[in-house]
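Asks: Structure file coords13.txt, compact mmCIF, C-alpha atoms and all ligand atoms, is pasted below:
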# COMPACT_ATOMS: atom_id res chain seq x y z
CA MET A 1 129.80 90.59 95.37
CA LYS A 2 129.45 91.01 91.63
CA THR A 3 126.45 91.90 89.49
CA SER A 4 126.72 88.43 88.01
CA SER A 5 125.40 87.08 91.36
CA LEU A 6 122.01 88.50 90.39
CA PHE A 7 122.10 86.21 87.35
CA GLU A 8 122.52 82.95 89.21
CA THR A 9 119.60 80.54 89.06
CA VAL A 10 117.46 80.47 92.17
CA ARG A 11 114.79 78.13 93.57
CA LEU A 12 111.24 79.28 94.22
CA GLY A 13 108.81 76.55 95.24
CA ASN A 14 109.71 73.71 92.93
CA GLN A 15 110.76 75.92 90.06
CA THR A 16 114.24 77.02 89.08
CA LEU A 17 114.32 80.64 88.01
CA ARG A 18 116.93 81.95 85.60
CA ASN A 19 117.91 85.04 87.58
CA ARG A 20 117.10 86.93 90.80
CA ILE A 21 115.44 89.92 89.15
CA VAL A 22 111.68 90.30 89.62
CA LEU A 23 108.92 92.23 87.89
CA PRO A 24 106.77 93.08 90.95
CA PRO A 25 103.00 93.52 90.79
CA LEU A 26 102.25 96.82 89.03
CA THR A 27 98.70 98.04 88.45
CA ARG A 28 98.52 99.57 84.96
CA SER A 29 94.72 99.72 84.47
CA ARG A 30 94.54 98.79 80.83
CA SER A 31 92.09 95.89 80.78
CA THR A 32 89.35 95.74 78.12
CA GLN A 33 85.94 97.18 79.01
CA PRO A 34 83.33 96.20 79.89
CA GLY A 35 84.29 93.23 82.05
CA ASN A 36 87.89 94.09 83.12
CA ILE A 37 89.30 91.56 80.65
CA PRO A 38 93.04 91.04 80.03
CA ASN A 39 93.97 91.68 76.39
CA GLU A 40 96.67 91.42 73.71
CA LEU A 41 98.18 94.77 74.73
CA MET A 42 98.76 93.36 78.21
CA ALA A 43 100.19 90.15 76.72
CA THR A 44 102.70 92.24 74.77
CA TYR A 45 103.63 94.27 77.86
CA TYR A 46 104.30 91.21 80.02
CA ALA A 47 106.12 89.31 77.25
CA GLN A 48 108.43 92.31 76.76
CA ARG A 49 109.52 91.96 80.41
CA ALA A 50 109.81 88.15 80.47
CA SER A 51 113.61 88.21 80.84
CA ALA A 52 112.93 88.76 84.57
CA GLY A 53 113.65 85.61 86.55
CA PHE A 54 110.21 85.96 88.10
CA MET A 55 107.14 88.04 87.30
CA VAL A 56 103.97 88.81 89.23
CA THR A 57 100.95 90.35 87.53
CA GLU A 58 99.29 93.57 88.55
CA GLY A 59 96.75 93.23 91.36
CA THR A 60 93.87 91.18 89.94
CA GLN A 61 90.48 91.21 91.66
CA ILE A 62 89.23 87.83 92.82
CA GLU A 63 85.58 88.89 92.69
CA PRO A 64 83.59 91.98 91.67
CA ARG A 65 83.70 93.54 95.17
CA GLY A 66 87.49 93.24 95.14
CA GLN A 67 87.91 96.16 92.73
CA GLY A 68 88.98 99.62 93.92
CA TYR A 69 90.23 101.31 90.78
CA ALA A 70 88.90 101.63 87.24
CA TRP A 71 89.99 99.16 84.55
CA THR A 72 91.96 96.74 86.74
CA PRO A 73 91.67 93.13 85.52
CA GLY A 74 89.84 90.30 87.28
CA ILE A 75 90.27 86.52 87.51
CA PHE A 76 86.71 85.37 88.19
CA SER A 77 84.83 85.45 84.85
CA GLU A 78 85.29 83.05 81.93
CA ALA A 79 86.25 85.96 79.66
CA GLN A 80 88.93 87.08 82.14
CA ILE A 81 90.40 83.57 82.35
CA GLU A 82 90.48 83.40 78.54
CA GLY A 83 92.14 86.83 78.40
CA TRP A 84 94.85 85.79 80.86
CA LYS A 85 95.59 82.70 78.75
CA ALA A 86 96.97 84.99 76.03
CA VAL A 87 99.21 86.67 78.64
CA THR A 88 100.61 83.45 80.13
CA ARG A 89 101.16 81.96 76.64
CA ALA A 90 103.10 85.04 75.55
CA VAL A 91 105.25 85.02 78.71
CA HIS A 92 105.95 81.29 78.52
CA ARG A 93 106.93 81.63 74.86
CA GLU A 94 109.71 83.94 76.09
CA GLY A 95 110.75 81.46 78.79
CA GLY A 96 109.34 83.54 81.66
CA THR A 97 107.70 82.47 84.93
CA ILE A 98 104.60 84.37 86.02
CA PHE A 99 102.33 84.33 89.08
CA CYS A 100 98.97 86.12 89.36
CA GLN A 101 98.54 88.59 92.24
CA LEU A 102 95.18 87.89 93.92
CA TRP A 103 93.71 91.20 95.03
CA HIS A 104 90.76 92.28 97.12
CA VAL A 105 90.75 95.96 98.03
CA GLY A 106 88.22 95.68 100.86
CA ARG A 107 87.39 99.19 102.07
CA VAL A 108 89.61 100.97 99.54
CA SER A 109 86.83 101.25 96.95
CA HIS A 110 83.97 103.39 95.71
CA ARG A 111 80.30 102.53 95.21
CA SER A 112 80.61 103.19 91.46
CA LEU A 113 83.02 100.23 91.29
CA GLN A 114 80.90 97.93 93.45
CA PRO A 115 78.20 95.57 92.19
CA GLY A 116 74.81 97.27 92.46
CA GLY A 117 76.43 100.45 93.79
CA GLU A 118 76.63 98.86 97.24
CA ALA A 119 79.04 99.91 100.00
CA PRO A 120 82.51 98.32 99.87
CA VAL A 121 83.14 95.50 102.37
CA ALA A 122 85.78 95.45 105.11
CA PRO A 123 86.65 93.70 108.39
CA SER A 124 85.03 96.63 110.24
CA ALA A 125 82.97 99.66 109.21
CA ILE A 126 85.95 102.02 109.39
CA ALA A 127 86.47 104.31 106.40
CA ALA A 128 89.82 104.72 104.67
CA GLU A 129 90.79 108.36 105.08
CA ASP A 130 92.99 110.64 103.01
CA VAL A 131 93.41 108.00 100.31
CA LYS A 132 91.97 108.30 96.81
CA VAL A 133 90.68 105.65 94.49
CA PHE A 134 90.43 106.08 90.72
CA VAL A 135 86.92 105.89 89.26
CA GLU A 136 85.63 105.97 85.71
CA THR A 137 83.88 109.20 84.71
CA GLY A 138 83.32 108.33 81.03
CA PRO A 139 84.66 105.91 78.43
CA GLY A 140 88.41 105.90 79.03
CA GLU A 141 88.07 108.92 81.36
CA GLY A 142 88.64 108.79 85.10
CA ALA A 143 89.10 110.88 88.20
CA LEU A 144 90.26 110.47 91.78
CA ALA A 145 87.56 109.99 94.43
CA ASN A 146 87.32 109.32 98.15
CA PRO A 147 86.64 105.70 99.10
CA ASP A 148 83.11 105.13 100.38
CA GLN A 149 82.21 104.18 103.93
CA PRO A 150 82.48 100.37 104.07
CA ARG A 151 80.22 97.93 105.88
CA ALA A 152 81.59 95.12 108.06
CA LEU A 153 81.57 91.60 106.64
CA THR A 154 79.57 88.99 108.53
CA THR A 155 81.46 85.92 109.76
CA GLU A 156 79.76 83.80 107.06
CA GLU A 157 80.84 86.30 104.41
CA VAL A 158 84.46 86.08 105.60
CA GLU A 159 84.32 82.30 105.26
CA GLU A 160 82.81 82.71 101.80
CA LEU A 161 85.64 85.06 100.82
CA VAL A 162 88.21 82.40 101.71
CA LYS A 163 86.52 80.14 99.15
CA LEU A 164 86.55 82.94 96.57
CA TYR A 165 90.34 83.24 96.98
CA ALA A 166 90.73 79.49 96.40
CA ARG A 167 88.43 79.67 93.37
CA ALA A 168 90.48 82.55 91.95
CA ALA A 169 93.69 80.56 92.49
CA ARG A 170 92.18 77.64 90.58
CA ASN A 171 91.14 80.03 87.79
CA ALA A 172 94.69 81.39 87.65
CA ILE A 173 96.16 77.92 87.21
CA ASP A 174 93.52 77.17 84.56
CA ALA A 175 94.60 80.38 82.82
CA GLY A 176 98.17 79.04 82.62
CA PHE A 177 99.82 80.89 85.52
CA ASP A 178 102.72 79.19 87.29
CA GLY A 179 101.27 80.15 90.67
CA VAL A 180 99.55 82.89 92.67
CA GLU A 181 100.49 85.59 95.16
CA ILE A 182 98.14 86.75 97.91
CA HIS A 183 98.19 90.55 98.12
CA GLY A 184 98.59 91.03 101.85
CA ALA A 185 100.23 94.46 101.53
CA ASN A 186 99.46 98.15 101.08
CA GLY A 187 96.30 98.49 103.14
CA TYR A 188 94.00 96.21 101.14
CA LEU A 189 91.67 93.53 102.51
CA VAL A 190 94.15 91.01 103.97
CA ASN A 191 96.17 93.88 105.46
CA GLN A 192 92.92 95.34 106.87
CA PHE A 193 92.41 92.11 108.81
CA LEU A 194 96.03 92.16 110.08
CA SER A 195 96.01 95.75 111.33
CA GLU A 196 94.38 96.61 114.66
CA HIS A 197 93.50 100.03 113.17
CA THR A 198 91.14 98.52 110.62
CA ASN A 199 90.08 95.32 112.37
CA HIS A 200 87.81 95.83 115.39
CA ARG A 201 86.02 92.50 114.97
CA THR A 202 84.82 90.52 117.93
CA ASP A 203 84.50 87.14 116.17
CA GLN A 204 87.35 84.66 115.56
CA TYR A 205 88.83 87.00 112.89
CA GLY A 206 89.54 89.93 115.25
CA GLY A 207 91.20 90.77 118.55
CA SER A 208 94.39 88.83 119.24
CA LEU A 209 97.19 88.64 116.68
CA GLN A 210 96.36 84.98 116.16
CA ASN A 211 92.79 85.95 115.32
CA ARG A 212 93.85 88.80 113.00
CA LEU A 213 96.10 86.33 111.15
CA ARG A 214 93.27 83.81 110.80
CA PHE A 215 91.80 85.19 107.55
CA LEU A 216 95.21 85.04 105.85
CA ASP A 217 95.88 81.58 107.25
CA GLU A 218 92.56 80.20 106.04
CA ILE A 219 93.18 81.64 102.56
CA VAL A 220 96.69 80.09 102.52
CA VAL A 221 95.34 76.68 103.53
CA ALA A 222 92.46 76.85 101.02
CA ILE A 223 94.72 77.88 98.13
CA SER A 224 97.33 75.27 99.09
CA GLU A 225 94.68 72.56 98.98
CA GLU A 226 93.48 73.83 95.61
CA VAL A 227 96.78 74.41 93.75
CA GLY A 228 99.65 73.47 96.11
CA ALA A 229 101.66 75.51 98.64
CA ASP A 230 104.69 75.36 96.32
CA ARG A 231 102.77 77.58 93.89
CA LEU A 232 101.85 80.20 96.48
CA GLY A 233 103.49 83.39 97.74
CA VAL A 234 102.32 86.17 100.06
CA ARG A 235 103.16 89.87 99.89
CA PHE A 236 103.39 92.10 102.97
CA ALA A 237 104.27 95.72 103.60
CA PRO A 238 105.64 95.95 107.15
CA LEU A 239 106.15 99.56 108.22
CA PHE A 240 108.18 100.62 111.18
CA GLU A 241 107.45 104.27 111.86
CA SER A 242 104.26 106.22 112.29
CA THR A 243 105.52 109.75 111.70
CA ASN A 244 104.14 109.89 108.17
CA GLU A 245 100.38 110.52 108.04
CA GLU A 246 100.20 108.67 104.76
CA ARG A 247 100.74 105.37 106.47
CA VAL A 248 97.83 105.71 108.85
CA TYR A 249 95.08 105.93 106.26
CA LEU A 250 96.29 102.77 104.59
CA GLY A 251 95.81 100.99 107.88
CA LEU A 252 99.40 99.95 107.68
CA VAL A 253 100.72 101.21 110.95
CA GLU A 254 100.70 98.45 113.44
CA SER A 255 101.77 98.92 117.00
CA ASP A 256 104.17 95.99 116.67
CA PRO A 257 105.07 95.40 113.01
CA HIS A 258 108.10 93.36 114.04
CA GLY A 259 105.98 90.94 116.06
CA THR A 260 103.10 90.84 113.56
CA TYR A 261 105.11 90.04 110.48
CA LEU A 262 107.52 87.63 112.15
CA GLU A 263 104.55 85.71 113.52
CA ALA A 264 103.04 85.78 110.00
CA ALA A 265 106.34 84.47 108.58
CA ARG A 266 106.43 81.63 111.12
CA LEU A 267 102.88 80.72 110.19
CA LEU A 268 103.73 80.71 106.46
CA GLN A 269 106.82 78.61 107.20
CA ARG A 270 104.57 76.00 108.81
CA ARG A 271 102.28 76.12 105.77
CA GLY A 272 105.27 75.59 103.46
CA ILE A 273 104.51 78.29 100.89
CA ALA A 274 107.04 79.12 98.16
CA TYR A 275 107.88 82.71 99.06
CA ILE A 276 107.25 85.87 101.02
CA SER A 277 107.53 89.17 99.20
CA ILE A 278 108.26 92.30 101.20
CA ALA A 279 107.12 95.65 99.77
CA GLU A 280 109.29 98.22 101.51
CA ALA A 281 108.14 101.80 101.94
CA ASP A 282 109.05 103.59 98.72
CA TRP A 283 108.37 107.28 99.26
CA ASP A 284 110.94 110.02 99.90
CA ASN A 285 112.56 109.68 103.33
CA ALA A 286 110.81 106.34 103.83
CA PRO A 287 111.99 104.33 106.83
CA GLU A 288 114.39 101.50 106.08
CA LEU A 289 113.59 97.98 107.22
CA PRO A 290 115.51 97.40 110.46
CA GLU A 291 118.36 94.96 109.92
CA SER A 292 117.23 92.97 112.96
CA PHE A 293 113.88 92.40 111.22
CA CYS A 294 115.57 91.21 108.01
CA ALA A 295 117.74 88.80 109.99
CA GLU A 296 114.83 87.40 112.01
CA LEU A 297 112.65 87.09 108.92
CA ARG A 298 115.40 85.06 107.27
CA ASN A 299 115.61 82.81 110.31
CA ALA A 300 111.85 82.36 110.48
CA PHE A 301 111.24 81.43 106.84
CA ASP A 302 113.06 78.89 104.63
CA GLY A 303 111.32 79.69 101.36
CA ALA A 304 112.39 82.42 98.96
CA LEU A 305 112.36 86.04 100.16
CA ILE A 306 111.68 88.82 97.67
CA PHE A 307 112.28 92.50 98.44
CA ALA A 308 111.10 95.63 96.59
CA GLY A 309 111.18 99.38 97.13
CA ARG A 310 113.65 101.71 95.44
CA TYR A 311 116.11 98.89 94.82
CA THR A 312 119.29 99.47 92.86
CA PRO A 313 121.57 96.63 91.80
CA GLU A 314 123.90 97.70 94.64
CA LYS A 315 121.20 97.53 97.29
CA ALA A 316 120.14 94.10 95.97
CA LEU A 317 123.71 92.80 96.08
CA LYS A 318 124.07 94.01 99.67
CA MET A 319 120.92 92.19 100.75
CA LEU A 320 122.04 89.09 98.87
CA ALA A 321 125.52 89.16 100.42
CA ALA A 322 124.01 89.53 103.90
CA GLY A 323 121.86 86.48 103.17
CA TYR A 324 118.61 88.39 103.84
CA GLY A 325 117.05 88.23 100.38
CA ASP A 326 116.96 85.84 97.42
CA LEU A 327 115.17 87.87 94.73
CA PHE A 328 114.86 91.60 94.17
CA ALA A 329 112.05 93.45 92.44
CA PHE A 330 112.33 96.64 90.43
CA GLY A 331 108.97 98.36 89.91
CA LYS A 332 109.17 101.74 88.20
CA PRO A 333 112.50 100.84 86.58
CA PHE A 334 110.91 97.77 84.96
CA ILE A 335 107.96 99.83 83.66
CA ALA A 336 110.43 102.07 81.82
CA ASN A 337 112.98 99.41 80.84
CA PRO A 338 111.55 96.22 79.31
CA ASP A 339 115.12 94.93 79.04
CA LEU A 340 116.03 95.81 82.65
CA PRO A 341 117.94 92.56 83.41
CA ASP A 342 120.12 93.12 80.33
CA ARG A 343 120.76 96.72 81.35
CA ILE A 344 121.73 95.60 84.86
CA ARG A 345 124.01 92.87 83.54
CA ARG A 346 125.78 95.19 81.11
CA GLY A 347 125.82 98.27 83.38
CA LEU A 348 123.80 100.31 80.88
CA PRO A 349 121.81 103.49 81.63
CA TRP A 350 118.09 103.25 82.45
CA ASN A 351 115.10 105.05 80.88
CA GLU A 352 113.09 107.05 83.39
CA VAL A 353 109.41 106.29 83.98
CA ASP A 354 106.71 108.74 82.85
CA PRO A 355 104.24 109.03 85.79
CA ALA A 356 101.50 110.41 83.50
CA THR A 357 101.05 107.07 81.73
CA MET A 358 101.39 104.74 84.73
CA TYR A 359 97.66 104.14 85.29
CA GLY A 360 95.24 103.72 82.40
CA GLY A 361 95.49 104.75 78.76
CA SER A 362 96.85 103.07 75.70
CA ALA A 363 100.03 101.59 74.33
CA LYS A 364 101.80 104.88 75.04
CA GLY A 365 103.93 104.63 78.15
CA TYR A 366 103.07 100.93 78.29
CA ILE A 367 104.62 98.92 75.48
CA ASP A 368 106.66 101.67 73.75
CA TYR A 369 109.57 102.07 76.19
CA PRO A 370 112.62 101.19 74.08
CA THR A 371 115.16 98.50 74.79
CA TYR A 372 118.75 99.72 74.89
CA ASP A 373 119.68 97.81 71.77
CA SER A 374 116.86 99.33 69.74
CA GLY A 375 118.89 102.56 69.90
CA GLN A 376 115.69 104.62 70.00
CA GLU A 377 115.13 107.84 71.87
CA THR A 378 114.04 107.12 75.44
CA ALA A 379 110.61 108.12 76.72
CA GLY A 380 112.11 110.32 79.42
CA PRO A 381 115.45 111.52 80.72
CA VAL A 382 118.10 108.89 81.22
CA THR A 383 119.60 108.15 84.60
CA ALA A 384 122.72 106.12 84.84
CA PRO A 385 122.59 103.64 87.70
CA ALA A 386 125.57 103.67 90.02
CA ALA A 387 128.50 101.38 89.32
CA THR A 388 127.32 97.82 88.74
CA GLU A 389 130.17 96.00 90.44
CA ALA A 390 129.76 96.23 94.20
C1 LIG B 401 102.26 102.12 89.00
C2 LIG B 401 102.39 101.23 90.21
C3 LIG B 401 101.44 100.24 90.45
C4 LIG B 401 101.58 99.36 91.55
N1 LIG B 401 100.66 98.36 91.71
C5 LIG B 401 100.85 97.42 92.68
C6 LIG B 401 99.96 96.31 92.78
O1 LIG B 401 99.03 96.11 91.99
N2 LIG B 401 100.21 95.41 93.77
C7 LIG B 401 101.25 95.55 94.67
O2 LIG B 401 101.44 94.71 95.55
N3 LIG B 401 102.10 96.60 94.57
C8 LIG B 401 101.94 97.52 93.59
N4 LIG B 401 102.84 98.55 93.46
C9 LIG B 401 104.08 98.57 94.30
C10 LIG B 401 105.25 97.94 93.53
O3 LIG B 401 105.07 96.54 93.36
C11 LIG B 401 106.62 98.16 94.23
O4 LIG B 401 106.58 97.59 95.52
C12 LIG B 401 106.95 99.65 94.31
O5 LIG B 401 106.81 100.26 93.04
C13 LIG B 401 108.36 99.90 94.83
O6 LIG B 401 109.32 99.45 93.93
P1 LIG B 401 110.14 100.51 93.00
O7 LIG B 401 110.70 101.56 93.94
O8 LIG B 401 111.22 99.68 92.36
O9 LIG B 401 109.17 101.11 92.02
C14 LIG B 401 102.69 99.48 92.42
C15 LIG B 401 103.63 100.51 92.19
C16 LIG B 401 103.49 101.36 91.11
C17 LIG B 401 104.53 102.42 90.86
Reformat the file's structure so that it appears as structure tokens.

Replies:
Amino acid sequence: MKTSSLFETVRLGNQTLRNRIVLPPLTRSRSTQPGNIPNELMATYYAQRASAGFMVTEGTQIEPRGQGYAWTPGIFSEAQIEGWKAVTRAVHREGGTIFCQLWHVGRVSHRSLQPGGEAPVAPSAIAAEDVKVFVETGPGEGALANPDQPRALTTEEVEELVKLYARAARNAIDAGFDGVEIHGANGYLVNQFLSEHTNHRTDQYGGSLQNRLRFLDEIVVAISEEVGADRLGVRFAPLFESTNEERVYLGLVESDPHGTYLEAARLLQRRGIAYISIAEADWDNAPELPESFCAELRNAFDGALIFAGRYTPEKALKMLAAGYGDLFAFGKPFIANPDLPDRIRRGLPWNEVDPATMYGGSAKGYIDYPTYDSGQETAGPVTAPAATEA
């Protein structure tokens, strides 16, 4: 299969995308303070990357309690909606398609980020261990901190949260987004309901797999009624081994990830959403997704399937040839290469990302990574991707 296959058009919901390359959700923590408001700098950043066939914003809190890190943007206040309008306008001017990632961190938060300094909320009062959140220590200054002990949501509060997701989806459409993605991955609130490690509830939202899927399902139904299932995607992070401590604190290890996420996929198939996005483990020596899971996921779900996690053009072409995936996201490579699709198409070398400027800060390490054709010095060392024809 040739690199050109990544540049075929592809359907997602009722849109036709111009290629199969995705800018995945990437938290960059550069919203305007106070108020976590999207700004012109962010509009420039997203517009620079609009040659992706599909883009998803950084995680965007649906309500004040949904925030777990300093300076991440929201989608609940009027000022935030206005701020996002500049972003969607800039992306659409470049012909891009962009969804908003709806984020609620649940227990992965700190009192300093919570309204009134209250405890973060979660399915159950089980603290996130060995994970750090990023809190503000002064104007533009921050530090890592332990998440605070959460309190369990009441049943009424869970039902209220479903409505807040639908409200946020409506706000996103009003702000000009083409659709929304529910962040169901990486140990945040939806994932906390899915995992038996973090969900010890005894009401209809806990216990059996069907009950643990209920919160997600109700959000999916509510958003679909509000903006349409064809404008909705869900992101998951299924993990298949429990040897790495790191995965336990995120609440990601499930005793039966295969069963959990296939059941979730069947549910989403019935709901008719546009896509499922799979965030694969992306650390050194991370476990691969079992091929049997990829095959069964494909069988269970007719919508578009997006994969991310240390993808190279070669790995994407392999997944495409096998029929397992439709779109492929490049995270760190897209931070460092605003013209990534062009570099993939032409087999050009890639700039390397600078980890120091990933979260927070200014234009540096955000909108100043050069395109290949600008001929400028790169921000970091250059790595040549492997051969582009596979
Ligand atoms: C700086 C940074 C911020 C991220 N923020 C988010 C986020 O807000 N939401 C999300 O679902 N994933 C987030 N991720 C995960 C990425 O979307 C992606 O799955 C991951 O980077 C693996 O892809 P890569 O190996 O191509 O970078 C983030 C990753 C990085 C490096």

Asks: Could you tell me how far atom CA of A:Pro64 lies from atom CA of A:Gly106, in Å and to one decimal?

Replies: 10.9 Å

Asks: Could you list, with a cut-off of 12 Å and counting all atoms listed in the file, the residues of stretch 77-112 of chain A near stretch 27-32 of chain A, each shown with its nearest atom pair and the distance in Å rounded to one decimal, rows sorted by chain and ascending number, as a Markdown table?

Replies:
| residue | atom | partner | partner_atom | distance |
| --- | --- | --- | --- | --- |
| A:Ala79 | CA | A:Thr32 | CA | 10.4 |
| A:Gln80 | CA | A:Ser31 | CA | 9.5 |
| A:Gly83 | CA | A:Thr32 | CA | 9.3 |
| A:Trp84 | CA | A:Ser31 | CA | 10.5 |
| A:Val87 | CA | A:Ser31 | CA | 11.8 |
| A:Cys100 | CA | A:Thr27 | CA | 12.0 |
| A:Gln101 | CA | A:Thr27 | CA | 10.2 |
| A:Trp103 | CA | A:Thr27 | CA | 10.7 |

Asks: When distances are computed from all atoms listed in the file, which of A:Gln149, A:Thr72, A:Asn211, A:Gln33 shows the smallest separation from ligand LIG 401 (chain B)?

Replies: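 Using all atoms listed in the file, the shortest distance to ligand LIG 401 (chain B) belongs to A:Thr72.
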
Asks: Ligand LIG 401 (chain B): which residues are within 10 Å, counting all atoms listed in the file, as a PDB file with C-alpha atoms, keeping the file's coordinate frame?

Replies:
ATOM      1  CA  VAL A  22     111.680  90.300  89.620  1.00  0.00           C
ATOM      2  CA  LEU A  23     108.920  92.230  87.890  1.00  0.00           C
ATOM      3  CA  PRO A  24     106.770  93.080  90.950  1.00  0.00           C
ATOM      4  CA  PRO A  25     103.000  93.520  90.790  1.00  0.00           C
ATOM      5  CA  LEU A  26     102.250  96.820  89.030  1.00  0.00           C
ATOM      6  CA  THR A  27      98.700  98.040  88.450  1.00  0.00           C
ATOM      7  CA  ARG A  28      98.520  99.570  84.960  1.00  0.00           C
ATOM      8  CA  SER A  29      94.720  99.720  84.470  1.00  0.00           C
ATOM      9  CA  VAL A  56     103.970  88.810  89.230  1.00  0.00           C
ATOM     10  CA  THR A  57     100.950  90.350  87.530  1.00  0.00           C
ATOM     11  CA  GLU A  58      99.290  93.570  88.550  1.00  0.00           C
ATOM     12  CA  GLY A  59      96.750  93.230  91.360  1.00  0.00           C
ATOM     13  CA  THR A  60      93.870  91.180  89.940  1.00  0.00           C
ATOM     14  CA  GLN A  61      90.480  91.210  91.660  1.00  0.00           C
ATOM     15  CA  THR A  72      91.960  96.740  86.740  1.00  0.00           C
ATOM     16  CA  GLN A 101      98.540  88.590  92.240  1.00  0.00           C
ATOM     17  CA  LEU A 102      95.180  87.890  93.920  1.00  0.00           C
ATOM     18  CA  TRP A 103      93.710  91.200  95.030  1.00  0.00           C
ATOM     19  CA  GLU A 181     100.490  85.590  95.160  1.00  0.00           C
ATOM     20  CA  ILE A 182      98.140  86.750  97.910  1.00  0.00           C
ATOM     21  CA  HIS A 183      98.190  90.550  98.120  1.00  0.00           C
ATOM     22  CA  GLY A 184      98.590  91.030 101.850  1.00  0.00           C
ATOM     23  CA  ALA A 185     100.230  94.460 101.530  1.00  0.00           C
ATOM     24  CA  ASN A 186      99.460  98.150 101.080  1.00  0.00           C
ATOM     25  CA  GLY A 187      96.300  98.490 103.140  1.00  0.00           C
ATOM     26  CA  TYR A 188      94.000  96.210 101.140  1.00  0.00           C
ATOM     27  CA  VAL A 234     102.320  86.170 100.060  1.00  0.00           C
ATOM     28  CA  ARG A 235     103.160  89.870  99.890  1.00  0.00           C
ATOM     29  CA  PHE A 236     103.390  92.100 102.970  1.00  0.00           C
ATOM     30  CA  ALA A 237     104.270  95.720 103.600  1.00  0.00           C
ATOM     31  CA  SER A 277     107.530  89.170  99.200  1.00  0.00           C
ATOM     32  CA  ILE A 278     108.260  92.300 101.200  1.00  0.00           C
ATOM     33  CA  ALA A 279     107.120  95.650  99.770  1.00  0.00           C
ATOM     34  CA  GLU A 280     109.290  98.220 101.510  1.00  0.00           C
ATOM     35  CA  ALA A 281     108.140 101.800 101.940  1.00  0.00           C
ATOM     36  CA  ASP A 282     109.050 103.590  98.720  1.00  0.00           C
ATOM     37  CA  TRP A 283     108.370 107.280  99.260  1.00  0.00           C
ATOM     38  CA  PHE A 307     112.280  92.500  98.440  1.00  0.00           C
ATOM     39  CA  ALA A 308     111.100  95.630  96.590  1.00  0.00           C
ATOM     40  CA  GLY A 309     111.180  99.380  97.130  1.00  0.00           C
ATOM     41  CA  ARG A 310     113.650 101.710  95.440  1.00  0.00           C
ATOM     42  CA  TYR A 311     116.110  98.890  94.820  1.00  0.00           C
ATOM     43  CA  THR A 312     119.290  99.470  92.860  1.00  0.00           C
ATOM     44  CA  PHE A 328     114.860  91.600  94.170  1.00  0.00           C
ATOM     45  CA  ALA A 329     112.050  93.450  92.440  1.00  0.00           C
ATOM     46  CA  PHE A 330     112.330  96.640  90.430  1.00  0.00           C
ATOM     47  CA  GLY A 331     108.970  98.360  89.910  1.00  0.00           C
ATOM     48  CA  LYS A 332     109.170 101.740  88.200  1.00  0.00           C
ATOM     49  CA  PRO A 333     112.500 100.840  86.580  1.00  0.00           C
ATOM     50  CA  PHE A 334     110.910  97.770  84.960  1.00  0.00           C
ATOM     51  CA  ILE A 335     107.960  99.830  83.660  1.00  0.00           C
ATOM     52  CA  VAL A 353     109.410 106.290  83.980  1.00  0.00           C
ATOM     53  CA  PRO A 355     104.240 109.030  85.790  1.00  0.00           C
ATOM     54  CA  ALA A 356     101.500 110.410  83.500  1.00  0.00           C
ATOM     55  CA  THR A 357     101.050 107.070  81.730  1.00  0.00           C
ATOM     56  CA  MET A 358     101.390 104.740  84.730  1.00  0.00           C
ATOM     57  CA  TYR A 359      97.660 104.140  85.290  1.00  0.00           C
ATOM     58  CA  GLY A 360      95.240 103.720  82.400  1.00  0.00           C
TER      59      GLY A 360
END

Asks: Counting all atoms listed in the file, what is within 10 Å of A:Gly206, bar same-chain residues fewer than 6 positions away, as JSON, numbers by chain?

Replies: {"A": [123, 124, 193, 194, 195, 196, 198, 199, 200, 212, 213, 214, 215]}

Asks: Can you work out the spacing between atom CA of A:Lys2 and atom CA of A:Gly325 in Å, to one decimal?

Replies: 15.4 Å

Asks: Which residues, written as a PyMOL selection string, have at least one atom at most 7 Å from A:Pro147, with all atoms listed in the file counted and residues fewer than 6 positions away on the same chain left out?

Replies: chain A and resi 108-110+128+132-133

Asks: Need to verify the contact set: stretch 229-233 of chain A, 9 Å, all atoms listed in the file, exclusion of same-chain residues closer than 6 positions in sequence. Can you return it as a ChimeraX atom specification?

Replies: /A:12-15,99,178-183,220-221,223,271-277

Asks: Compile the contact shell of A:Gln48 as a list in words: residues with an atom at most 8 Å away, counting all atoms listed in the file, same-chain residues fewer than 6 positions apart removed.

Replies: Pro338, Asp339 and Ile367 of chain A

Asks: What lies within 8 Å of A:Ala168 using only C-alpha atoms, ignoring chain neighbours under 3 positions off, as a ChimeraX atom specification?

Replies: /A:62,75-76,102,164-165,171-172

Asks: Suppose we keep C-alpha atoms; can you now write the selection as an mmCIF file, in the coordinates of the input?

Replies:
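Output contents, as saved in result02.cif:
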data_model
loop_
_atom_site.group_PDB
_atom_site.id
_atom_site.type_symbol
_atom_site.label_atom_id
_atom_site.label_comp_id
_atom_site.auth_asym_id
_atom_site.auth_seq_id
_atom_site.Cartn_x
_atom_site.Cartn_y
_atom_site.Cartn_z
ATOM 1 C CA ILE A 62 89.230 87.830 92.820
ATOM 2 C CA ILE A 75 90.270 86.520 87.510
ATOM 3 C CA PHE A 76 86.710 85.370 88.190
ATOM 4 C CA LEU A 102 95.180 87.890 93.920
ATOM 5 C CA LEU A 164 86.550 82.940 96.570
ATOM 6 C CA TYR A 165 90.340 83.240 96.980
ATOM 7 C CA ASN A 171 91.140 80.030 87.790
ATOM 8 C CA ALA A 172 94.690 81.390 87.650
#

Asks: Go ahead and compute the interatomic distance for atom CA of A:Arg20 and atom CA of A:Leu6, in Å to one decimal.

Replies: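 Separating atom CA of A:Arg20 from atom CA of A:Leu6 is a distance of 5.2 Å.
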